[in-house]
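Everything on this sheet refers to the single structure shown next.
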Amino acid sequence: MKLWKTILAAAVLLLAAGTSAFAARTDLVIGIPLEPPHLDPTAGAAAAIDEVLYANVFEGLTRIGPTGEVLPDLAESWTISDDGKVYTFKLHTGVKFHDGTDFDASDVKFSLDRARAENSVNAQKGLFAAIDTVDVVDPATVKVTLKNPQGSFLYNMGWGDAVIVAPESAETNKEKPIGTGPFKFQSWAKGSSITLVKSDNYWGTPVSLDKAEFRIVPDAAAYVPALLSGDIQAFPFFDADSLAQVKDDPRFKVVIGATEGETILSINNKKPPFDKLQVRQAISYALDRKAIIDGASAGLGQPIGSHMSPASKDYVDLTGRYPHDVAKAKELLKEAGLENGFKATLKLPPPAYARLGGEIIASQLRDVGIDLEIIPVEWAQWLDQVFTKKDYDLTIVSHTEPNDIDIYSRKDYYFNYDNPAFDKVIADLGVTSDEAKRKELLGQAQKILADDAVVGFLYELPKVGVWDAKLQGLWENAPIQANDLTKVKWSE
Amino acid sequence: MTAYLLKRLAIAIATLVLASMVVFAVLEILPGDPARLMLGMNASADQVELLRNQMGLNAPLALRYLHWAGGLLSLDFGRSYTYSVPVIDLVRERLAVSLPLALIALALSTIIAIPVGLFSASRRGRAGDTISMGAAQLGVAVPNFWFALMLIYVFAVWLRLVPAGGFPGWSAGVWPALKSLLLPAVALALPQAAILARVTRSALIEVLNEDYIRTARAKGLPYRAVLWRHALRNAMIPVLTILGLQFAFLLAGTIIIENVFYLPGLGRLVFQAITQRDLIVVESVVMLLVAAVIAVNLLVDLSYAVVDPRLRSRQ
């Protein structure tokens, strides 16, 4: 009797499995390398937070699209006053947070005021610095007044750090995120996975996936077997060195895109002898970008000549400014009175681009007489010694924030770079919203940085994605650090 | 016996207190600021200072030590800086993976090692001994992440019997959870078994040379009975010592295997906490491990008395 029951149950199961094979899948398991420390995008800089929640669970007034463009999100439309200081946002109506509370203009005011409050620990507080007041006009209209016109304001409001949260749930978002997005948070098994499910009362176009699980896979050696066994169907940020094992497999799609990560050899501009322009230029001439990209990034990634992504519409190609030229580099060092070369240190944080790239750069600089001592450091040490205390000569790091050329004008930033002409361009840029003018100013800024050889510009970090060939709608590029699943679906 | 126990207990407590001071001091001098790590490169110095205040990092060192150590006494392990949840909750979640994993691996390693050790010792110098000890040598030498990857390719990718990694949680059912621990347990057990087999063999060989073994054989006991009843029991003490050490290692020293199988175990929690300078988590978990090691050692000491009646009467 029992046996019969078992056989019957098995038959039913088989049948169920058989029928479901005809309909397209609606679940997805995505592998991510780092676990977010918590789930509140407005309270931390860790990219892993946005990689799970941005656009999926939380939405902002605007959002950044797959190619880096600004799109309307919770704000349906907006008008900008003639002096460029007043933004009036028309909001979508009928929007609900995942806990059932209504979204309206007061939530926008709450979120923006919270982010820029004195005791706010928003990691990108600078995004809100230009805001003077936020006023609720009516439940569907909000008016933001700026202290001065700001060209990038709409873009800024699209960052993960500027998403709209509700006063009822803001304090508990770290553990149980409540947003307005097409997915709602279901569970977080710490150290293991975060699961999102489709939200039934979403205001916009519903998503195709019913369930999305982000599984944390810290070791790149586990990526390939996880894909091959079918346990995980997508790695939006794959390991470039493991590509050989999957690139000719028709079951998988390999997608190489661009990130916003300008990978640079940072130079301490105030520390002798790096305070001399000739020395910095000599370093730029000594660098062979192609060899660095081949060795540190499996040949993927585009060379850069200044601090701008080649995928950006404002990009100016300055890679020809300092071609690889050992003789020229030696000549410049001689001009600087250093014909016998000198010794310096190179501090390397953990990522492969830094550790592998560092070895190659050390040997390239040795060819022109600069003898580098390599010092590997952890991230915590790097942030402490290099970034905060500026105790370094050279270091390699990828600056992954989008449109971040203004970092070179920041007072007390770890480059120790100080050029009033550059600061002026950035200040002008801050108050310019005209596209053509912005493009011109950004071009000037890129040229100044290249001319001053502020740092050694290496390459744009590639985004290497590998996923099931039947999966559609994942981002090819990473204009911001996110895994937007709103358009993802399985083909038949 | 009671005096012996009390003495052992006093030593254990003194060790705990000393360990807490060392752990706290060492971690506090580690360079790196948890607040800066959380806020990243775009935050201003003022903001980092604000967060440091909110996290209580600006209080004097001694005060923070007393606060933390006092909490430990009342079993309050503090709150994680990065996760902002109680440390004990994090540890409990991780133990749900690490403890069963360690126990399965330990059981597997014992089941393999003791018979192999017995076999080798009883065939000392012959072909069987050479082969099994050669295999044990290999087991010690093979890098365990490589062995783990081979297991994954055979059993997960090719045969598809078990998942390639991850842990579904015990809520998903006992069998799915056990299934995901199977390969990591084998990967962990093999090198441990190799070590244990070698220790068992050498301990047995030493015992087999003793006079009482010759006496037992002389009075007509079969070889098998001598081996199991007299030799093995006397050889147990070094074996138990190694087992105790291995258990402590399996509980927290399995970071490589946890990474390859992306298991949310204790080792990865500590590793992650160190890189994120989540000092309170590191300090509390290390203290728990110190306590666990001390407890296991105590247990091992007591078990000596069980296997060896002479130790019992001596006290």
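So you can find residues: chains in the structure tokens are A, B, ... in the order shown, residues in each start at 1, and ligands are numbered from 1 in order.
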
Tell me which protein, DNA and RNA residues are within 9 Å of B:Pro86, counting only C-alpha atoms, leaving out same-chain ones fewer than 6 positions away, and put them as a short mmCIF file (atom, residue, chain, number, x, y, z; two decimals) with C-alpha atoms, in the first residue's frame.
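Output (result05.cif):
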```
data_model
loop_
_atom_site.label_atom_id
_atom_site.label_comp_id
_atom_site.auth_asym_id
_atom_site.auth_seq_id
_atom_site.Cartn_x
_atom_site.Cartn_y
_atom_site.Cartn_z
CA ASP B 76 25.84 39.63 25.70
CA PHE B 77 28.27 39.55 22.80
CA GLY B 78 27.52 43.02 21.48
CA ARG B 79 26.18 44.23 18.15
CA SER B 80 27.93 43.89 14.82
#
```

Q.
At a cut-off of 10 Å, using only C-alpha atoms, what residues contact A:Tyr417? Leave out same-chain residues fewer than 6 positions from it and give the result as a PyMOL selection string.
A. chain A and resi 267-270+275+407-411+449+452+454-455

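Each of A:Ala43, A:Ala469, A:Ile375, A:Ala352 was compared to A:Ala298 using only C-alpha atoms, and A:Ala352 turns out to be the nearest.
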
message: as a list of chain:residue names, please: the residues near A:Ala55 (cut-off 10 Å, only C-alpha atoms, same-chain neighbours under 4 positions excluded).
response: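 My reading of the contact set: A:Asp50, A:Glu51, A:Glu59, A:Gly60, A:Arg63, A:Ile64, A:Gly65, A:Asp73, A:Gly158, A:Gly160, A:Val163, A:Gly179, A:Thr180, A:Gly181, A:Pro182, A:Phe183, A:Ala482, A:Asn483, A:Asp484, A:Leu485, A:Thr486.
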
N, CA and C atoms of the current selection, written as a tab-separated table (two decimals), in the first residue's frame:
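Printed below is result_7.tsv as written:
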```tsv
chain	number	residue	atom	x	y	z
A	50	ASP	N	23.61	48.23	-3.47
A	50	ASP	CA	22.90	48.62	-4.69
A	50	ASP	C	22.79	47.45	-5.67
A	51	GLU	N	23.78	46.58	-5.66
A	51	GLU	CA	23.75	45.47	-6.61
A	51	GLU	C	22.59	44.53	-6.36
A	59	GLU	N	13.25	52.68	-5.39
A	59	GLU	CA	13.22	53.59	-6.54
A	59	GLU	C	13.43	55.02	-6.07
A	60	GLY	N	13.96	55.84	-6.99
A	60	GLY	CA	14.17	57.24	-6.67
A	60	GLY	C	13.26	58.12	-7.50
A	63	ARG	N	15.99	57.67	-12.20
A	63	ARG	CA	16.86	56.50	-12.11
A	63	ARG	C	17.85	56.52	-13.26
A	64	ILE	N	18.91	55.75	-13.12
A	64	ILE	CA	19.92	55.67	-14.17
A	64	ILE	C	19.63	54.42	-15.00
A	65	GLY	N	19.60	54.60	-16.32
A	65	GLY	CA	19.30	53.49	-17.21
A	65	GLY	C	20.55	52.72	-17.60
A	73	ASP	N	11.45	58.08	-12.83
A	73	ASP	CA	11.11	56.89	-12.05
A	73	ASP	C	9.86	57.18	-11.24
A	158	GLY	N	19.22	60.11	-9.17
A	158	GLY	CA	19.08	58.73	-9.64
A	158	GLY	C	20.01	57.75	-8.94
A	160	GLY	N	21.63	55.35	-6.02
A	160	GLY	CA	21.03	54.48	-5.01
A	160	GLY	C	20.92	55.15	-3.66
A	163	VAL	N	17.43	57.10	-3.06
A	163	VAL	CA	16.13	56.45	-3.25
A	163	VAL	C	15.14	56.93	-2.19
A	179	GLY	N	10.56	49.26	-0.01
A	179	GLY	CA	10.62	50.28	-1.05
A	179	GLY	C	9.34	50.30	-1.86
A	180	THR	N	9.44	50.89	-3.05
A	180	THR	CA	8.26	50.96	-3.92
A	180	THR	C	8.47	50.15	-5.19
A	181	GLY	N	9.58	49.44	-5.30
A	181	GLY	CA	9.97	48.80	-6.55
A	181	GLY	C	9.17	47.56	-6.92
A	182	PRO	N	9.45	47.01	-8.12
A	182	PRO	CA	8.70	45.86	-8.63
A	182	PRO	C	9.00	44.55	-7.90
A	183	PHE	N	10.08	44.52	-7.13
A	183	PHE	CA	10.36	43.34	-6.31
A	183	PHE	C	10.27	43.75	-4.85
A	482	ALA	N	24.80	48.16	-10.25
A	482	ALA	CA	23.45	47.68	-9.99
A	482	ALA	C	23.21	46.42	-10.80
A	483	ASN	N	22.26	45.61	-10.36
A	483	ASN	CA	21.79	44.49	-11.15
A	483	ASN	C	20.29	44.69	-11.34
A	484	ASP	N	19.95	45.52	-12.30
A	484	ASP	CA	18.56	45.87	-12.56
A	484	ASP	C	17.86	44.66	-13.19
A	485	LEU	N	16.89	44.08	-12.47
A	485	LEU	CA	16.22	42.88	-12.97
A	485	LEU	C	14.84	43.19	-13.54
A	486	THR	N	14.52	44.49	-13.69
A	486	THR	CA	13.15	44.84	-14.06
A	486	THR	C	12.78	44.37	-15.46
```

If you count only C-alpha atoms, the residue of B:Ala252, B:Leu269, B:Ile104, B:Ile242 closest to B:Ala187 turns out to be B:Ile104

Taking only residues of chain A that have an atom at most 9 Å from an atom of chain B, what is each one's shortest atom pair and its distance in Å to one decimal, using only C-alpha atoms, in chain and number order, as CSV?
```
residue,atom,partner,partner_atom,distance
A:Pro36,CA,B:Tyr83,CA,8.7
A:Pro37,CA,B:Tyr83,CA,5.3
A:His38,CA,B:Tyr83,CA,5.6
A:Ala43,CA,B:Leu39,CA,7.8
A:Gly44,CA,B:Leu39,CA,5.3
A:Ala45,CA,B:Leu39,CA,5.0
A:Ala46,CA,B:Met38,CA,6.8
A:Asn119,CA,B:Leu50,CA,7.2
A:Ser120,CA,B:Gln47,CA,8.0
A:Val121,CA,B:Gln47,CA,6.3
A:Asn122,CA,B:Leu39,CA,7.5
A:Ala123,CA,B:Leu39,CA,4.8
A:Gln124,CA,B:Asn42,CA,6.0
A:Lys125,CA,B:Ala43,CA,7.0
A:Gly126,CA,B:Ala43,CA,7.8
A:Lys174,CA,B:Tyr83,CA,8.0
A:Glu175,CA,B:Tyr83,CA,8.3
A:Ala189,CA,B:Gly169,CA,7.8
A:Lys190,CA,B:Pro264,CA,7.1
A:Gly191,CA,B:Pro264,CA,4.5
A:Ser192,CA,B:Pro264,CA,5.4
A:Ser193,CA,B:Gly166,CA,8.6
A:Arg215,CA,B:Gly166,CA,7.8
A:Ile216,CA,B:Tyr262,CA,6.9
A:Val217,CA,B:Tyr262,CA,5.3
A:Pro218,CA,B:Asn259,CA,6.0
A:Asp219,CA,B:Asn259,CA,5.5
A:Ala220,CA,B:Val260,CA,8.3
A:Ala221,CA,B:Val260,CA,6.7
A:Ala222,CA,B:Val260,CA,5.5
A:Pro225,CA,B:Val157,CA,6.3
A:Ala226,CA,B:Ala164,CA,5.6
A:Leu227,CA,B:Val157,CA,8.9
A:Leu228,CA,B:Val157,CA,5.9
A:Ser229,CA,B:Val157,CA,4.5
A:Gly230,CA,B:Val157,CA,8.2
A:Asp231,CA,B:Pro163,CA,6.7
A:Glu378,CA,B:Thr275,CA,7.2
A:Trp379,CA,B:Thr275,CA,7.1
A:Ala380,CA,B:Gly32,CA,4.5
A:Gln381,CA,B:Gly32,CA,5.0
A:Trp382,CA,B:Gly32,CA,7.9
A:Leu383,CA,B:Gly32,CA,6.9
A:Asp384,CA,B:Gly32,CA,5.1
A:Gln385,CA,B:Gly32,CA,8.0
A:Phe387,CA,B:Met41,CA,7.8
A:Thr388,CA,B:Ala45,CA,8.4
A:Glu401,CA,B:Asn42,CA,8.8
A:Ile407,CA,B:Asn42,CA,8.6
```

Applying 12 Å and only C-alpha atoms, which residues near A:Asp83 remain after dropping the ones on its own chain fewer than 6 positions away? List them as a VMD selection string.
chain A and resid 145 to 151 431 to 434

Write the selection just made, keeping N, CA and C atoms, as a PDB file, in the first residue's frame?
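Final file, part21.pdb:
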```
ATOM      1  N   THR A 145      14.113  73.319  -4.166  1.00  0.00           N
ATOM      2  CA  THR A 145      14.812  74.565  -4.481  1.00  0.00           C
ATOM      3  C   THR A 145      16.285  74.399  -4.162  1.00  0.00           C
ATOM      4  N   LEU A 146      17.129  74.749  -5.127  1.00  0.00           N
ATOM      5  CA  LEU A 146      18.572  74.601  -4.935  1.00  0.00           C
ATOM      6  C   LEU A 146      19.195  75.926  -4.516  1.00  0.00           C
ATOM      7  N   LYS A 147      20.331  75.841  -3.843  1.00  0.00           N
ATOM      8  CA  LYS A 147      21.040  77.055  -3.448  1.00  0.00           C
ATOM      9  C   LYS A 147      21.633  77.718  -4.686  1.00  0.00           C
ATOM     10  N   ASN A 148      22.054  76.892  -5.638  1.00  0.00           N
ATOM     11  CA  ASN A 148      22.598  77.407  -6.892  1.00  0.00           C
ATOM     12  C   ASN A 148      22.277  76.371  -7.967  1.00  0.00           C
ATOM     13  N   PRO A 149      22.226  76.811  -9.224  1.00  0.00           N
ATOM     14  CA  PRO A 149      21.901  75.832 -10.269  1.00  0.00           C
ATOM     15  C   PRO A 149      22.916  74.691 -10.236  1.00  0.00           C
ATOM     16  N   GLN A 150      22.458  73.458 -10.456  1.00  0.00           N
ATOM     17  CA  GLN A 150      23.368  72.325 -10.430  1.00  0.00           C
ATOM     18  C   GLN A 150      23.095  71.444 -11.644  1.00  0.00           C
ATOM     19  N   GLY A 151      24.108  71.362 -12.534  1.00  0.00           N
ATOM     20  CA  GLY A 151      23.922  70.649 -13.783  1.00  0.00           C
ATOM     21  C   GLY A 151      23.592  69.190 -13.615  1.00  0.00           C
ATOM     22  N   VAL A 431      27.520  74.634 -11.976  1.00  0.00           N
ATOM     23  CA  VAL A 431      26.374  75.526 -12.140  1.00  0.00           C
ATOM     24  C   VAL A 431      25.907  75.590 -13.588  1.00  0.00           C
ATOM     25  N   THR A 432      26.370  74.666 -14.417  1.00  0.00           N
ATOM     26  CA  THR A 432      25.970  74.661 -15.818  1.00  0.00           C
ATOM     27  C   THR A 432      25.054  73.485 -16.086  1.00  0.00           C
ATOM     28  N   SER A 433      23.900  73.747 -16.688  1.00  0.00           N
ATOM     29  CA  SER A 433      23.057  72.613 -17.044  1.00  0.00           C
ATOM     30  C   SER A 433      22.933  72.452 -18.565  1.00  0.00           C
ATOM     31  N   ASP A 434      23.436  73.424 -19.325  1.00  0.00           N
ATOM     32  CA  ASP A 434      23.374  73.320 -20.778  1.00  0.00           C
ATOM     33  C   ASP A 434      24.299  72.192 -21.255  1.00  0.00           C
TER      34      ASP A 434
END
```

Which one is closest to B:His67: B:Ile280, B:Leu298, B:Leu182, B:Ala3? Count only C-alpha atoms.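 Using only C-alpha atoms, the shortest distance to B:His67 belongs to B:Ile280.
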
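For B:Ile13, the set of protein, DNA and RNA residues having any atom at most 10 Å away, when counting only C-alpha atoms and skipping those fewer than 6 positions along the same chain, is B:Ala19, B:Ala291, B:Ile294.
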
| Exercise: B:Val17 partners within 12 Å, only C-alpha atoms, chain neighbours under 3 positions left out, as a list in words |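 Result of the neighbour search: Ala10, Ile11, Ala12, Ile13, Ala14, Ser20, Met21, Val22, Val23, Phe24, Tyr65, Leu66, Ala69, Gly70, Leu72, Leu73, Met287, Val290 and Ala291 of chain B.
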
Env of B:Pro238: 12 Å cut, atoms = only C-alpha atoms, seq-sep filter 2 positions within chain, self excluded. Answer as a list in words.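 Those residues are Ile195, Leu196, Ala197, Arg198, Val199, Thr200, Arg201, Ser202, Ala203, Leu204, Glu206, Val207, Leu232, Arg233, Asn234, Ala235, Met236, Leu240, Thr241, Ile242, Leu243, Gly244, Leu245, Val300, Asp301, Ser303, Tyr304 and Val307 of chain B.
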
Just write the chosen residues, N, CA and C atoms, as a CSV table (one decimal), in the first residue's frame.
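What landed in result.csv:
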```
chain,number,residue,atom,x,y,z
B,195,ILE,N,45.9,12.4,8.5
B,195,ILE,CA,46.8,12.7,9.6
B,195,ILE,C,46.4,11.7,10.8
B,196,LEU,N,45.1,11.5,11.0
B,196,LEU,CA,44.7,10.6,12.1
B,196,LEU,C,45.2,9.2,11.9
B,197,ALA,N,45.1,8.7,10.6
B,197,ALA,CA,45.5,7.4,10.3
B,197,ALA,C,47.0,7.2,10.7
B,198,ARG,N,47.8,8.2,10.3
B,198,ARG,CA,49.2,8.1,10.6
B,198,ARG,C,49.5,8.1,12.1
B,199,VAL,N,48.8,8.9,12.8
B,199,VAL,CA,48.9,9.0,14.3
B,199,VAL,C,48.5,7.6,14.9
B,200,THR,N,47.3,7.1,14.5
B,200,THR,CA,46.8,5.9,15.0
B,200,THR,C,47.9,4.8,14.8
B,201,ARG,N,48.4,4.7,13.6
B,201,ARG,CA,49.4,3.7,13.2
B,201,ARG,C,50.6,3.8,14.1
B,202,SER,N,51.2,5.0,14.3
B,202,SER,CA,52.4,5.0,15.1
B,202,SER,C,52.2,4.8,16.5
B,203,ALA,N,51.0,5.2,17.0
B,203,ALA,CA,50.7,5.0,18.4
B,203,ALA,C,50.5,3.4,18.7
B,204,LEU,N,49.9,2.8,17.7
B,204,LEU,CA,49.6,1.3,17.8
B,204,LEU,C,51.0,0.6,17.8
B,206,GLU,N,53.9,1.5,18.6
B,206,GLU,CA,54.6,1.7,19.9
B,206,GLU,C,54.0,0.8,20.9
B,207,VAL,N,52.6,0.7,21.0
B,207,VAL,CA,52.0,-0.1,22.0
B,207,VAL,C,52.3,-1.6,21.7
B,232,LEU,N,44.6,-1.2,20.9
B,232,LEU,CA,43.9,0.0,20.4
B,232,LEU,C,43.6,0.9,21.6
B,233,ARG,N,43.1,0.3,22.7
B,233,ARG,CA,42.7,1.1,23.8
B,233,ARG,C,43.8,1.8,24.4
B,234,ASN,N,45.0,1.2,24.5
B,234,ASN,CA,46.2,1.9,25.0
B,234,ASN,C,46.7,3.0,24.1
B,235,ALA,N,46.4,2.8,22.8
B,235,ALA,CA,46.9,3.8,21.8
B,235,ALA,C,45.9,5.0,21.6
B,236,MET,N,44.8,4.9,22.4
B,236,MET,CA,43.8,6.0,22.2
B,236,MET,C,44.2,7.4,22.6
B,240,LEU,N,43.0,10.6,20.7
B,240,LEU,CA,42.0,11.5,21.2
B,240,LEU,C,42.5,13.0,21.2
B,241,THR,N,43.8,13.1,21.5
B,241,THR,CA,44.4,14.5,21.5
B,241,THR,C,44.2,15.1,20.1
B,242,ILE,N,44.6,14.3,19.1
B,242,ILE,CA,44.5,14.8,17.7
B,242,ILE,C,43.1,15.1,17.4
B,243,LEU,N,42.2,14.2,17.8
B,243,LEU,CA,40.8,14.5,17.5
B,243,LEU,C,40.3,15.8,18.1
B,244,GLY,N,40.7,16.1,19.3
B,244,GLY,CA,40.3,17.3,19.9
B,244,GLY,C,40.8,18.5,19.2
B,245,LEU,N,42.0,18.4,18.7
B,245,LEU,CA,42.6,19.6,18.0
B,245,LEU,C,41.9,19.7,16.6
B,300,VAL,N,38.6,16.2,26.4
B,300,VAL,CA,39.6,15.3,26.0
B,300,VAL,C,40.4,14.8,27.3
B,301,ASP,N,40.7,15.7,28.2
B,301,ASP,CA,41.4,15.3,29.4
B,301,ASP,C,40.5,14.3,30.2
B,303,SER,N,38.2,12.4,29.0
B,303,SER,CA,38.1,11.1,28.3
B,303,SER,C,39.4,10.2,28.4
B,304,TYR,N,40.5,10.9,28.7
B,304,TYR,CA,41.7,10.1,29.0
B,304,TYR,C,41.4,9.2,30.2
B,307,VAL,N,39.3,6.2,29.1
B,307,VAL,CA,40.0,5.1,28.4
B,307,VAL,C,41.1,4.5,29.3
```

Give me every alpha helix (DSSP H) residue in stretch 40-240 of chain A, going by DSSP on the backbone, as a short mmCIF file (atom, residue, chain, number, x, y, z; two decimals) with C-alpha atoms, in the first residue's frame.
```cif
data_model
loop_
_atom_site.label_atom_id
_atom_site.label_comp_id
_atom_site.auth_asym_id
_atom_site.auth_seq_id
_atom_site.Cartn_x
_atom_site.Cartn_y
_atom_site.Cartn_z
CA ALA A 47 28.40 48.57 -3.90
CA ALA A 48 26.87 45.21 -2.95
CA ILE A 49 23.87 46.99 -1.40
CA ASP A 50 22.90 48.62 -4.69
CA GLU A 51 23.75 45.47 -6.61
CA VAL A 52 20.86 43.74 -4.90
CA LEU A 53 18.33 46.49 -4.22
CA ALA A 105 5.20 63.90 -1.87
CA SER A 106 5.74 63.82 1.90
CA ASP A 107 7.85 60.67 1.52
CA VAL A 108 10.06 62.50 -0.99
CA LYS A 109 10.49 65.38 1.41
CA PHE A 110 11.21 62.97 4.25
CA SER A 111 13.82 61.05 2.25
CA LEU A 112 15.71 64.06 0.93
CA ASP A 113 15.62 65.89 4.27
CA ARG A 114 16.81 62.75 6.04
CA ALA A 115 19.71 62.26 3.65
CA ARG A 116 21.00 65.81 4.04
CA PHE A 153 20.99 67.40 -10.07
CA LEU A 154 18.65 65.02 -11.95
CA TYR A 155 21.49 62.51 -12.32
CA ASN A 156 22.30 62.80 -8.62
CA TYR A 223 31.86 30.42 -10.47
CA VAL A 224 32.34 27.93 -13.29
CA PRO A 225 31.09 24.79 -11.49
CA ALA A 226 28.09 26.76 -10.19
CA LEU A 227 27.18 27.71 -13.78
CA LEU A 228 27.87 24.26 -15.21
#
```

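For the residues B:Asn53, B:Val285, B:Ile29, B:Ser98, ranking by smallest atom-to-atom distance to B:Phe249 using only C-alpha atoms places B:Ser98 first.
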
*Please return as a ChimeraX atom specification: the residues of stretch 43-247 of chain A that backbone DSSP assigns to strand (DSSP E).*
/A:62-64,70-72,75-80,86-91,131-138,141-146,183-189,193-198,211-216,234-235

If you count only C-alpha atoms, the residue of A:Asp468, A:Glu359, A:Asp104, A:Glu435 closest to A:Asp314 turns out to be A:Glu435
